[in-house]
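Text of the file work-v4.cif, holding mmCIF, C-alpha atoms:
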data_upload
loop_
_atom_site.label_atom_id
_atom_site.label_comp_id
_atom_site.auth_asym_id
_atom_site.auth_seq_id
_atom_site.Cartn_x
_atom_site.Cartn_y
_atom_site.Cartn_z
CA MET A 274 159.91 147.10 57.17
CA ALA A 275 157.76 144.18 56.04
CA ILE A 276 160.84 142.04 55.32
CA LEU A 277 162.20 142.64 58.83
CA ASP A 278 158.80 141.84 60.34
CA ILE A 279 158.47 138.59 58.41
CA LEU A 280 162.06 137.61 59.31
CA ILE A 281 161.50 138.22 63.04
CA LEU A 282 158.13 136.43 62.96
CA SER A 283 159.71 133.40 61.27
CA ILE A 284 162.47 133.26 63.91
CA LEU A 285 159.67 133.57 66.50
CA VAL A 286 157.94 130.46 65.15
CA LEU A 287 161.30 128.63 65.07
CA CYS A 288 161.90 129.63 68.72
CA ALA A 289 158.47 128.36 69.72
CA LEU A 290 159.06 125.02 67.96
CA ALA A 291 162.55 124.72 69.52
CA ALA A 292 161.18 125.44 73.01
CA VAL A 293 158.60 122.72 72.43
CA ARG A 294 161.01 120.08 71.07
CA THR A 295 163.86 120.52 73.59
CA ARG A 296 164.08 117.70 76.15
CA ASP A 297 166.14 119.83 78.57
CA LEU A 298 163.69 121.97 80.55
CA LEU A 299 166.30 124.63 81.42
CA GLY A 300 167.13 125.02 77.72
CA ALA A 301 163.42 125.30 76.90
CA VAL A 302 163.03 128.12 79.44
CA ILE A 303 166.04 130.00 78.02
CA ILE A 304 164.64 129.64 74.49
CA TYR A 305 161.33 130.96 75.82
CA ALA A 306 163.16 134.05 77.14
CA ALA A 307 164.61 134.63 73.65
CA TYR A 308 161.08 134.23 72.25
CA SER A 309 159.83 136.96 74.63
CA LEU A 310 162.63 139.34 73.62
CA LEU A 311 161.83 138.84 69.91
CA MET A 312 158.17 139.47 70.77
CA ALA A 313 159.20 142.79 72.38
CA ILE A 314 160.84 143.81 69.06
CA ILE A 315 157.59 142.92 67.29
CA TRP A 316 155.61 145.16 69.67
CA LEU A 317 158.03 148.00 68.87
CA GLN A 318 157.49 147.42 65.14
CA LEU A 319 153.73 147.49 65.69
CA GLY A 320 153.92 150.90 67.39
CA ALA A 321 153.16 149.79 70.97
CA PRO A 322 156.28 150.78 72.96
CA ASP A 323 154.55 150.51 76.35
CA VAL A 324 153.64 146.90 75.63
CA ALA A 325 157.22 146.32 74.44
CA ILE A 326 158.82 147.58 77.65
CA THR A 327 156.37 145.59 79.78
CA GLU A 328 156.94 142.41 77.75
CA ALA A 329 160.72 142.79 77.99
CA ALA A 330 160.55 143.27 81.78
CA LEU A 331 157.85 140.70 82.53
CA GLY A 332 158.00 138.05 79.81
CA ALA A 333 161.75 137.84 79.50
CA GLY A 334 162.56 138.76 83.10
CA VAL A 335 160.05 137.66 85.70
CA THR A 336 158.60 134.61 83.91
CA THR A 337 162.10 133.23 83.24
CA ILE A 338 163.19 133.85 86.83
CA LEU A 339 160.11 132.11 88.24
CA MET A 340 160.49 129.13 85.87
CA ILE A 341 164.19 128.75 86.75
CA ALA A 342 163.27 128.88 90.45
CA THR A 343 160.73 126.10 89.83
CA ILE A 344 163.33 124.00 87.96
CA SER A 345 165.78 124.42 90.84
CA LYS A 346 163.10 123.06 93.19
CA THR A 347 162.09 120.17 90.89
CA GLY A 348 163.92 118.23 88.17
CA ARG A 349 165.83 119.54 85.15
CA TYR A 350 164.97 116.78 82.67
CA GLU A 351 161.61 115.54 81.53
CA MET B 73 141.56 139.22 42.00
CA ALA B 74 145.13 140.49 42.14
CA GLU B 75 144.15 143.27 44.52
CA ALA B 76 142.49 140.76 46.82
CA LEU B 77 145.65 138.63 46.84
CA VAL B 78 147.80 141.69 47.71
CA ALA B 79 145.37 142.60 50.50
CA LEU B 80 145.57 139.04 51.83
CA GLY B 81 149.37 139.18 51.74
CA GLN B 82 149.46 142.37 53.81
CA ASN B 83 147.80 140.66 56.76
CA TYR B 84 150.79 138.44 57.54
CA PHE B 85 150.67 139.25 61.27
CA PHE B 86 147.37 137.38 61.54
CA TYR B 87 148.77 134.26 59.83
CA TYR B 88 151.74 134.18 62.16
CA ALA B 89 149.45 134.67 65.16
CA LEU B 90 147.44 131.65 63.94
CA ILE B 91 150.62 129.53 63.52
CA LEU B 92 151.86 130.47 67.00
CA PHE B 93 148.46 129.65 68.51
CA MET B 94 148.58 126.22 66.85
CA VAL B 95 152.11 125.58 68.16
CA GLY B 96 151.08 126.50 71.70
CA PHE B 97 147.88 124.44 71.50
CA TYR B 98 149.82 121.39 70.24
CA THR B 99 152.32 121.77 73.10
CA THR B 100 149.61 122.01 75.73
CA LEU B 101 147.81 118.92 74.45
CA SER B 102 150.67 116.60 73.46
CA HIS B 103 153.29 117.04 76.20
CA SER B 104 152.73 115.41 79.55
CA ASN B 105 155.34 117.50 81.39
CA LEU B 106 153.65 120.28 83.34
CA LEU B 107 156.33 122.94 82.72
CA LYS B 108 156.04 122.31 78.96
CA LYS B 109 152.29 122.76 79.27
CA ILE B 110 152.83 126.14 80.96
CA ILE B 111 155.24 127.23 78.19
CA GLY B 112 152.60 126.19 75.65
CA ILE B 113 149.93 128.25 77.43
CA ASN B 114 152.28 131.24 77.43
CA ILE B 115 152.92 130.88 73.68
CA MET B 116 149.15 130.77 73.08
CA GLU B 117 148.69 133.93 75.16
CA THR B 118 151.35 135.87 73.25
CA SER B 119 149.78 134.81 69.95
CA ILE B 120 146.44 136.26 71.05
CA PHE B 121 148.20 139.47 72.12
CA LEU B 122 149.91 139.63 68.71
CA PHE B 123 146.54 139.29 67.00
CA PHE B 124 145.01 142.10 69.07
CA VAL B 125 147.89 144.58 68.71
CA ALA B 126 148.09 143.87 64.97
CA LEU B 127 144.42 144.94 64.73
CA GLY B 128 145.48 148.44 65.82
CA TYR B 129 148.31 148.70 63.31
CA VAL B 130 148.08 151.66 60.93
CA GLU B 131 150.24 151.66 57.80
CA GLY B 132 152.87 154.41 58.12
CA GLY B 133 151.64 155.40 61.56
CA GLN B 134 153.65 156.46 64.60
CA ALA B 135 153.50 155.54 68.25
CA PRO B 136 150.93 157.78 69.97
CA ILE B 137 153.17 159.62 72.45
CA LEU B 138 152.53 163.30 73.21
CA GLY B 139 155.48 165.54 72.41
CA ARG B 140 157.64 162.94 70.65
CA GLY B 141 157.86 162.70 66.88
CA ALA B 142 155.69 164.43 64.29
CA GLU B 143 152.48 166.02 65.54
CA GLY B 144 149.25 165.37 63.74
CA GLY B 145 150.45 162.51 61.56
CA PRO B 146 148.73 159.15 61.37
CA PHE B 147 149.02 157.33 64.70
CA MET B 148 148.71 153.70 65.71
CA ASN B 149 145.49 152.82 67.53
CA PRO B 150 146.42 152.88 71.26
CA LEU B 151 143.29 151.07 72.48
CA PRO B 152 144.40 147.44 71.76
CA SER B 153 147.82 148.03 73.36
CA ALA B 154 146.18 149.48 76.47
CA LEU B 155 144.00 146.36 76.70
CA ILE B 156 146.92 144.00 76.09
CA LEU B 157 148.99 145.65 78.84
CA THR B 158 146.46 144.32 81.35
CA GLY B 159 146.47 140.95 79.58
CA ILE B 160 150.25 140.56 79.98
CA VAL B 161 149.99 141.24 83.71
CA VAL B 162 147.24 138.64 84.07
CA ALA B 163 149.31 136.14 82.05
CA VAL B 164 152.31 136.53 84.38
CA SER B 165 150.07 136.19 87.46
CA ILE B 166 148.57 132.96 86.07
CA THR B 167 152.06 131.64 85.31
CA ALA B 168 153.28 132.38 88.84
CA PHE B 169 150.24 130.68 90.37
CA ALA B 170 150.63 127.62 88.13
CA LEU B 171 154.33 127.33 89.00
CA ALA B 172 153.55 127.50 92.73
CA LEU B 173 150.98 124.71 92.27
CA MET B 174 153.64 122.72 90.35
CA VAL B 175 156.10 122.95 93.24
CA LYS B 176 153.39 121.71 95.61
CA LEU B 177 152.52 118.81 93.27
CA TYR B 178 156.19 117.83 93.03
CA SER B 179 156.61 117.76 96.79
CA PHE B 180 153.48 115.57 97.08
CA TYR B 181 153.90 113.11 94.19
CA GLY B 182 157.62 113.36 93.41
CA THR B 183 157.08 113.80 89.67
CA LEU B 184 155.96 116.47 87.21
CA ASP B 185 154.56 114.11 84.57
CA ALA B 186 150.79 114.51 84.27
CA ASP B 187 150.24 110.89 83.19
CA GLU B 188 152.26 109.51 86.11
CA ILE B 189 150.36 111.75 88.53
CA VAL B 190 147.07 110.38 87.18
CA MET B 191 148.38 106.80 87.62
CA LEU B 192 149.55 107.51 91.18
CA ARG B 193 146.17 108.97 92.04
CA GLY B 194 144.49 105.85 90.63
CA GLU B 195 146.63 103.59 92.82
CA LYS B 196 145.80 105.58 95.92
CA GLU B 197 142.04 105.35 95.53
CA MET C 125 177.40 125.46 94.79
CA GLN C 126 180.73 126.63 93.46
CA GLU C 127 182.03 130.17 93.81
CA ILE C 128 182.08 132.07 90.50
CA LEU C 129 184.23 135.18 90.92
CA ILE C 130 183.51 136.82 87.54
CA LEU C 131 179.75 136.52 87.98
CA LYS C 132 179.84 138.08 91.44
CA ILE C 133 182.01 141.04 90.42
CA VAL C 134 180.00 141.76 87.27
CA VAL C 135 176.69 141.54 89.13
CA ARG C 136 177.97 143.87 91.85
CA PHE C 137 178.93 146.34 89.10
CA VAL C 138 175.70 146.03 87.09
CA ILE C 139 173.02 146.14 89.83
CA PRO C 140 173.18 149.96 90.45
CA PHE C 141 172.72 150.66 86.74
CA ILE C 142 169.66 148.38 86.56
CA GLN C 143 168.15 150.11 89.59
CA VAL C 144 168.80 153.60 88.20
CA TYR C 145 167.13 152.57 84.93
CA GLY C 146 164.17 151.16 86.84
CA PHE C 147 163.71 154.37 88.82
CA TYR C 148 164.04 156.36 85.58
CA VAL C 149 161.23 154.32 84.02
CA ILE C 150 159.09 154.97 87.13
CA THR C 151 159.71 158.74 87.31
CA ALA C 152 159.32 159.31 83.56
CA GLY C 153 156.22 157.13 83.39
CA HIS C 154 153.87 159.99 82.52
CA LEU C 155 156.11 161.25 79.68
CA SER C 156 157.33 158.13 77.91
CA PRO C 157 156.44 154.42 77.68
CA GLY C 158 156.76 152.60 80.94
CA GLY C 159 155.38 153.65 84.28
CA GLY C 160 155.01 152.19 87.72
CA PHE C 161 154.48 148.58 86.73
CA ALA C 162 157.34 148.16 84.22
CA GLY C 163 159.79 150.17 86.34
CA GLY C 164 158.90 148.29 89.50
CA THR C 165 159.50 145.01 87.69
CA ILE C 166 162.96 146.18 86.55
CA VAL C 167 163.90 147.18 90.12
CA ALA C 168 162.63 143.80 91.35
CA ALA C 169 164.71 142.03 88.69
CA SER C 170 167.87 143.66 90.08
CA MET C 171 167.08 142.42 93.59
CA VAL C 172 166.31 138.91 92.34
CA LEU C 173 169.61 138.99 90.41
CA TYR C 174 171.36 139.67 93.72
CA ALA C 175 169.61 136.72 95.35
CA LEU C 176 170.38 134.43 92.40
CA THR C 177 174.09 135.30 92.30
CA PHE C 178 174.75 135.32 96.03
CA ASP C 179 172.66 133.28 98.43
CA ALA C 180 168.90 133.39 98.83
CA HIS C 181 169.42 133.71 102.60
CA GLN C 182 171.64 136.73 102.07
CA GLY C 183 168.94 138.36 99.95
CA LEU C 184 166.26 137.45 102.47
CA GLU C 185 168.26 139.27 105.18
CA LYS C 186 168.09 142.47 103.12
CA LEU C 187 164.33 142.19 102.53
CA SER C 188 162.65 139.88 105.01
CA HIS C 189 158.98 138.92 104.75
CA GLU C 190 157.94 141.30 107.54
CA ARG C 191 159.72 144.22 105.89
CA ALA C 192 158.28 143.23 102.49
CA SER C 193 154.72 143.24 103.83
CA ILE C 194 155.30 146.66 105.41
CA PHE C 195 156.53 148.09 102.08
CA GLU C 196 153.65 146.50 100.17
CA SER C 197 151.08 147.98 102.54
CA LEU C 198 152.80 151.38 102.36
CA GLY C 199 152.54 151.37 98.56
CA ALA C 200 148.83 150.51 98.63
CA ILE C 201 148.07 153.05 101.38
CA TRP C 202 150.00 155.73 99.46
CA TYR C 203 147.89 155.11 96.34
CA VAL C 204 144.54 155.01 98.15
CA GLY C 205 145.43 158.02 100.32
CA LEU C 206 146.29 160.11 97.27
CA GLY C 207 143.03 158.93 95.71
CA PHE C 208 141.01 160.04 98.74
CA LEU C 209 142.61 163.51 98.55
CA GLY C 210 139.97 164.39 95.96
CA VAL C 211 137.14 162.94 98.05
CA LEU C 212 138.14 165.11 101.05
CA VAL C 213 137.89 168.29 98.99
CA GLY C 214 134.60 167.26 97.43
CA GLY C 215 135.50 165.69 94.09
CA ASN C 216 135.63 162.12 92.87
CA PHE C 217 138.14 159.39 93.80
CA LEU C 218 141.53 160.10 92.11
CA THR C 219 140.48 163.59 90.96
CA ASN C 220 143.56 165.29 89.60
CA GLY C 221 143.31 168.78 88.13
CA GLN C 222 139.84 169.93 89.19
CA ILE C 223 140.69 170.25 92.89
CA GLY C 224 143.55 172.68 92.34
CA ILE C 225 146.59 170.42 92.00
CA PRO C 226 149.00 172.24 89.62
CA LEU C 227 149.28 170.31 86.37
CA GLY C 228 152.33 172.06 84.86
CA THR C 229 153.19 172.12 81.18
CA PRO C 230 152.86 168.79 79.35
CA GLY C 231 156.18 167.24 78.36
CA GLN C 232 158.16 168.42 81.39
CA LEU C 233 159.25 166.16 84.22
CA ILE C 234 157.20 167.92 86.92
CA SER C 235 153.76 167.82 85.36
CA GLY C 236 150.65 165.72 85.40
CA GLY C 237 149.68 166.48 89.00
CA LEU C 238 149.11 163.25 90.91
CA ILE C 239 150.20 160.79 88.22
CA PRO C 240 154.00 160.64 88.97
CA LEU C 241 153.27 160.25 92.70
CA LEU C 242 150.78 157.46 91.98
CA SER C 243 153.23 155.59 89.74
CA PHE C 244 155.87 155.89 92.49
CA GLY C 245 153.53 154.03 94.86
CA ILE C 246 152.75 151.42 92.21
CA GLY C 247 156.48 150.95 91.56
CA ILE C 248 157.28 150.24 95.22
CA LYS C 249 154.39 147.81 95.58
CA VAL C 250 155.16 145.88 92.37
CA ALA C 251 158.90 145.65 93.10
CA VAL C 252 158.41 144.26 96.60
CA THR C 253 155.64 141.90 95.46
CA VAL C 254 157.75 140.35 92.68
CA VAL C 255 160.75 139.91 94.99
CA SER C 256 158.66 138.23 97.70
CA LEU C 257 157.04 136.03 94.99
CA TYR C 258 160.50 134.75 94.10
CA TYR C 259 161.49 134.20 97.74
CA SER C 260 158.32 132.30 98.56
CA LEU C 261 158.91 130.06 95.52
CA VAL C 262 162.52 129.11 96.31
CA GLU C 263 162.25 128.97 100.10
CA GLU C 264 162.74 125.58 101.74
CA ASP C 265 159.91 124.65 104.01
#
Is it possible to give me this structure as structure tokens?
Amino acid sequence: MAILDILILSILVLCALAAVRTRDLLGAVIIYAAYSLLMAIIWLQLGAPDVAITEAALGAGVTTILMIATISKTGRYE
Amino acid sequence: MAEALVALGQNYFFYYALILFMVGFYTTLSHSNLLKKIIGINIMETSIFLFFVALGYVEGGQAPILGRGAEGGPFMNPLPSALILTGIVVAVSITAFALALMVKLYSFYGTLDADEIVMLRGEKE
Amino acid sequence: MQEILILKIVVRFVIPFIQVYGFYVITAGHLSPGGGFAGGTIVAASMVLYALTFDAHQGLEKLSHERASIFESLGAIWYVGLGFLGVLVGGNFLTNGQIGIPLGTPGQLISGGLIPLLSFGIGIKVAVTVVSLYYSLVEED
């Protein structure tokens, strides 16, 4: 289990760095959605399934939708 | 000495929470785009949540749900996850409010760059 | 905006399944992880998916702001009214078992007294709030 945890956590850090470095804002938001989904798997590994289902619905769903709505109202590139 | 090193190695969740907090903090400070700042704040929030839920982790424990799985075994501590559930809701509310403010700022100044907004405000005064 | 046929057909096929899953998470909230908040968000995500794929105006016709405010108020009144049920009999706010509401056996779907009814109200309120949040963000003024 520890190997899987460390693997997912490392991909999590890579996702965070990629979301930070991307110049395309839409791409950054999509990478942030992937980050939230990986975080939901981490919550499941930590034995908090209620937090996992809320993170998958809110972090990966609602936050991404609201950010994409904001990008459609403003500009796509920095 | 060796036991202390093994004990330090078992706490890897805390190290990753620290790394993620640093990444989010760096994003919030160094990028001038407002949407990038909001993504950085969100990454910081999730790192804090990771730290809290990892505090309630019990080695070999199960999720504390009544009627599912083995009864009476070691369970994870449900108190940090109950606290963090509220924290996630607050985080999403803050994000929605900040995005609404961003749309208003864009319609007023025509840009989302924090430095340019500061310059435009300086010209107006 | 160009017309994407595959997207529209797949979304039309997928939306009922998302909504059934959302209502499952709401109704089984007292037995398994989930509950009113997570289920309501899933239901809201299906409605926002409809508005994203088709037109925002088309979605706004299905759930206008007046109707949304009515549903929101109904959810809140439902919760507070069920809470005051205990006060009327003489107990505390949100009293569940002590005032004679049958609790049932733990682990079955109909159990827990007030809790499934409360999470139903929370689900309606959260779903409508998230959808109207999206509409107020994308609306042209």
Tell me, counting only C-alpha atoms, for each residue of chain A within 8 Å of chain B, which pair of atoms is nearest and how far apart they are in Å to one decimal, in rows ordered by chain and increasing number, as a tab-separated table.
residue	atom	partner	partner_atom	distance
A:Ile279	CA	B:Tyr84	CA	7.7
A:Leu282	CA	B:Tyr88	CA	6.8
A:Val286	CA	B:Leu92	CA	6.4
A:Ala289	CA	B:Val95	CA	7.1
A:Leu290	CA	B:Val95	CA	7.0
A:Val293	CA	B:Thr99	CA	6.4
A:Leu298	CA	B:Leu107	CA	7.7
A:Val302	CA	B:Ile111	CA	7.9
A:Tyr305	CA	B:Ile111	CA	7.5
A:Trp316	CA	B:Val125	CA	7.8
A:Leu319	CA	B:Tyr129	CA	6.0
A:Gly320	CA	B:Ala135	CA	4.7
A:Ala321	CA	B:Ser153	CA	6.1
A:Pro322	CA	B:Ala135	CA	7.3
A:Asp323	CA	B:Ser153	CA	7.8
A:Val324	CA	B:Leu157	CA	5.8
A:Thr327	CA	B:Leu157	CA	7.4
A:Glu328	CA	B:Ile160	CA	7.3
A:Leu331	CA	B:Val164	CA	7.2
A:Gly332	CA	B:Val164	CA	7.5
A:Val335	CA	B:Val164	CA	7.9
A:Thr336	CA	B:Val164	CA	6.6
A:Leu339	CA	B:Ala168	CA	6.9
A:Met340	CA	B:Leu171	CA	7.1
A:Thr343	CA	B:Val175	CA	6.6
A:Lys346	CA	B:Val175	CA	7.0
A:Thr347	CA	B:Tyr178	CA	6.7
A:Glu351	CA	B:Asn105	CA	6.6
Item to check | Explicit residues for the PyMOL selection byres ((chain A and resi 309) around 8) (as JSON, numbers by chain) | outcome: {"A": [305, 306, 307, 308, 310, 311, 312, 313, 328, 329, 332, 333]}
Next on the checklist: Selection in question (the file shown): the PyMOL selection byres ((chain C) within 6 of (chain A)). Which residues does it include, as a ChimeraX atom specification?
Outcome noted: /C:157-158,162,262
Item to check | B:Glu195, B:Tyr181, B:Leu151, B:Leu173 ranked by distance to chain C, top pick (using only C-alpha atoms) | outcome: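 For chain C, the nearest of the candidates is B:Leu173.
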Could you give me, as CSV, every chain C residue with an atom at most 8 Å from chain B, plus its closest atom pair and distance in Å to one decimal, counting all atoms listed in the file, rows ordered by chain then number?
residue,atom,partner,partner_atom,distance
C:Leu155,CA,B:Leu138,CA,7.7
C:Ser156,CA,B:Ile137,CA,7.0
C:Gly231,CA,B:Gly139,CA,6.2
C:Leu261,CA,B:Ala172,CA,6.6
Next on the checklist: Would you compute the distance between CA of Leu131 (chain C) and CA of Phe178 (chain C)? Give it in Å to one decimal.
Outcome noted: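 Going from CA of Leu131 (chain C) over to CA of Phe178 (chain C), I get 9.6 Å.
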Just the residues within 9 Å of Leu241 (chain C), please, counting all atoms listed in the file, with nothing from its chain fewer than 6 positions along; format it as a short mmCIF file (atom, residue, chain, number, x, y, z; two decimals) with C-alpha atoms, keeping the file's coordinate frame.
data_model
loop_
_atom_site.label_atom_id
_atom_site.label_comp_id
_atom_site.auth_asym_id
_atom_site.auth_seq_id
_atom_site.Cartn_x
_atom_site.Cartn_y
_atom_site.Cartn_z
CA THR C 151 159.71 158.74 87.31
CA TRP C 202 150.00 155.73 99.46
CA TYR C 203 147.89 155.11 96.34
CA LEU C 206 146.29 160.11 97.27
#
Item to check | Atomic distance CA of Ile234 (chain C) - CA of His154 (chain C), expressed in Å with one decimal | outcome: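 Interatomic distance here is 9.7 Å.
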Checklist entry - Any idea what the distance is between CA of Ala192 (chain C) and CA of Leu257 (chain C)? => result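 CA of Leu257 (chain C) lies at a distance of 10.5 Å from CA of Ala192 (chain C).
Evaluating the PyMOL selection byres ((chain C and resi 236) around 10) against the shown model yields His154, Leu155, Asn220, Gly221, Ile225, Pro226, Leu227, Gly228, Thr229, Pro230, Gly231, Gln232, Leu233, Ile234, Ser235, Gly237, Leu238, Ile239, Pro240 and Leu241 of chain C.
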